[in-house]
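One structure is given here, and the rest of the page talks about it.
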Amino acid sequence: MKSIVEKERILLFCEDGTRAGFVTFPSVNSKVSNIDHIFVEPAHRGKGVASQLMELALAQLESQGRQVILTCPYAQKWLPQHPEWSHMPARDIRFSHH
């Protein structure tokens with residue numbers, strides 16, 4: 001898989017050039033980004049692509065000294081299962097959950 005890192009998005013492509021999926025993480029403020037959407041193309045679901053996208057996004061944001069909030073349901077489920085990233089959530093921003 002090949003990734004293309006943009007300012008607030010990472011795209012993941014297969015070796016043949018077809019898009020496998022993407023993750024978006026718009027800035028909330030100067031120190032926090034929101035992982036708000038992970039999309040995996042139907043042909044690539046169930047192959048760990050979404051997890052790979054989470055790892056790429058978190059590594060990118062960590063390298064920029066940023067923290068995250070998560071409004072993407074997949075990201076909200078994924079992060080607690082990966083304690084190696086437990087330092088990434090922003091502690092000072094609260095969102096109400098309904």
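Order determines the names: the first chain of the structure tokens is A, the second B, and so forth; residues in each chain are numbered 1 upward, and ligands are numbered 1 upward as they are shown.
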If you run DSSP on the backbone here, which positions in chain A get strand (DSSP E)? Please write them as a PyMOL selection string. chain A and resi 2-5+9-13+19-24+32-35+37-40+67-70
Name the residues in contact with stretch 72-88 of chain A at a cut-off of 10 Å, using only C-alpha atoms, excluding same-chain residues fewer than 2 positions from it; report them as a PDB file with C-alpha atoms, in the first residue's frame.
```pdb
ATOM      1  CA  VAL A  23      -8.914   9.300   6.606  1.00  0.00           C
ATOM      2  CA  THR A  24      -9.672  12.971   7.235  1.00  0.00           C
ATOM      3  CA  PHE A  25      -8.542  14.961  10.259  1.00  0.00           C
ATOM      4  CA  VAL A  32      -5.826  19.609  18.025  1.00  0.00           C
ATOM      5  CA  ASN A  34     -10.438  15.836  14.696  1.00  0.00           C
ATOM      6  CA  ILE A  35     -10.283  12.368  13.147  1.00  0.00           C
ATOM      7  CA  ASP A  36     -13.761  12.699  11.716  1.00  0.00           C
ATOM      8  CA  HIS A  37     -13.996  10.227   8.857  1.00  0.00           C
ATOM      9  CA  ILE A  38     -12.430   6.975   7.757  1.00  0.00           C
ATOM     10  CA  PHE A  39     -13.611   5.468   4.494  1.00  0.00           C
ATOM     11  CA  ALA A  50      -9.083   1.279   8.390  1.00  0.00           C
ATOM     12  CA  SER A  51      -6.666   0.329  11.158  1.00  0.00           C
ATOM     13  CA  LEU A  53      -5.332   4.576   8.183  1.00  0.00           C
ATOM     14  CA  MET A  54      -5.692   5.243  11.920  1.00  0.00           C
ATOM     15  CA  GLU A  55      -2.016   4.416  12.489  1.00  0.00           C
ATOM     16  CA  LEU A  58      -1.972   9.309  14.419  1.00  0.00           C
ATOM     17  CA  ALA A  59       1.695   9.043  13.429  1.00  0.00           C
ATOM     18  CA  LEU A  61      -0.392  14.154  13.838  1.00  0.00           C
ATOM     19  CA  GLU A  62       2.025  13.030  16.543  1.00  0.00           C
ATOM     20  CA  GLY A  65       2.959  17.713  18.013  1.00  0.00           C
ATOM     21  CA  ARG A  66      -0.828  17.609  17.685  1.00  0.00           C
ATOM     22  CA  GLN A  67      -3.444  15.798  19.731  1.00  0.00           C
ATOM     23  CA  VAL A  68      -6.770  14.414  18.556  1.00  0.00           C
ATOM     24  CA  ILE A  69     -10.438  14.310  19.184  1.00  0.00           C
ATOM     25  CA  LEU A  70     -12.451  11.564  17.560  1.00  0.00           C
ATOM     26  CA  ALA A  90      -6.842  15.944  23.704  1.00  0.00           C
ATOM     27  CA  ARG A  91      -7.889  16.142  27.326  1.00  0.00           C
TER      28      ARG A  91
END
```
Give the alpha helix (DSSP H) residues of chain A, as DSSP finds them on the backbone, and put them as a PyMOL selection string. chain A and resi 49-63+73-78
For the atom pair atom CA of A:Asp16 and atom CA of A:Gln52, what is the interatomic distance in Å to one decimal place? 18.0 Å
In Å, rounded to a single decimal, give me how far atom CA of A:Glu6 is from atom CA of A:Gln64.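 We find that atom CA of A:Gln64 and atom CA of A:Glu6 lie 12.9 Å from each other.
When only C-alpha atoms are used to measure the gap to A:Ile4, the shortest distance among A:Leu56, A:Pro89, A:Lys47, A:Ser30 belongs to A:Leu56.
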Two-atom distance - atom CA of A:Met1, atom CA of A:Glu41 (Å):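 So the two atoms, atom CA of A:Met1 and atom CA of A:Glu41, lie 13.6 Å apart.
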Which of these residues is nearest to A:Arg9, using only C-alpha atoms: A:Ser63, A:Gly46, A:Ala57, A:Thr71?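 The shortest atom-to-atom distance to A:Arg9 comes from A:Ala57.
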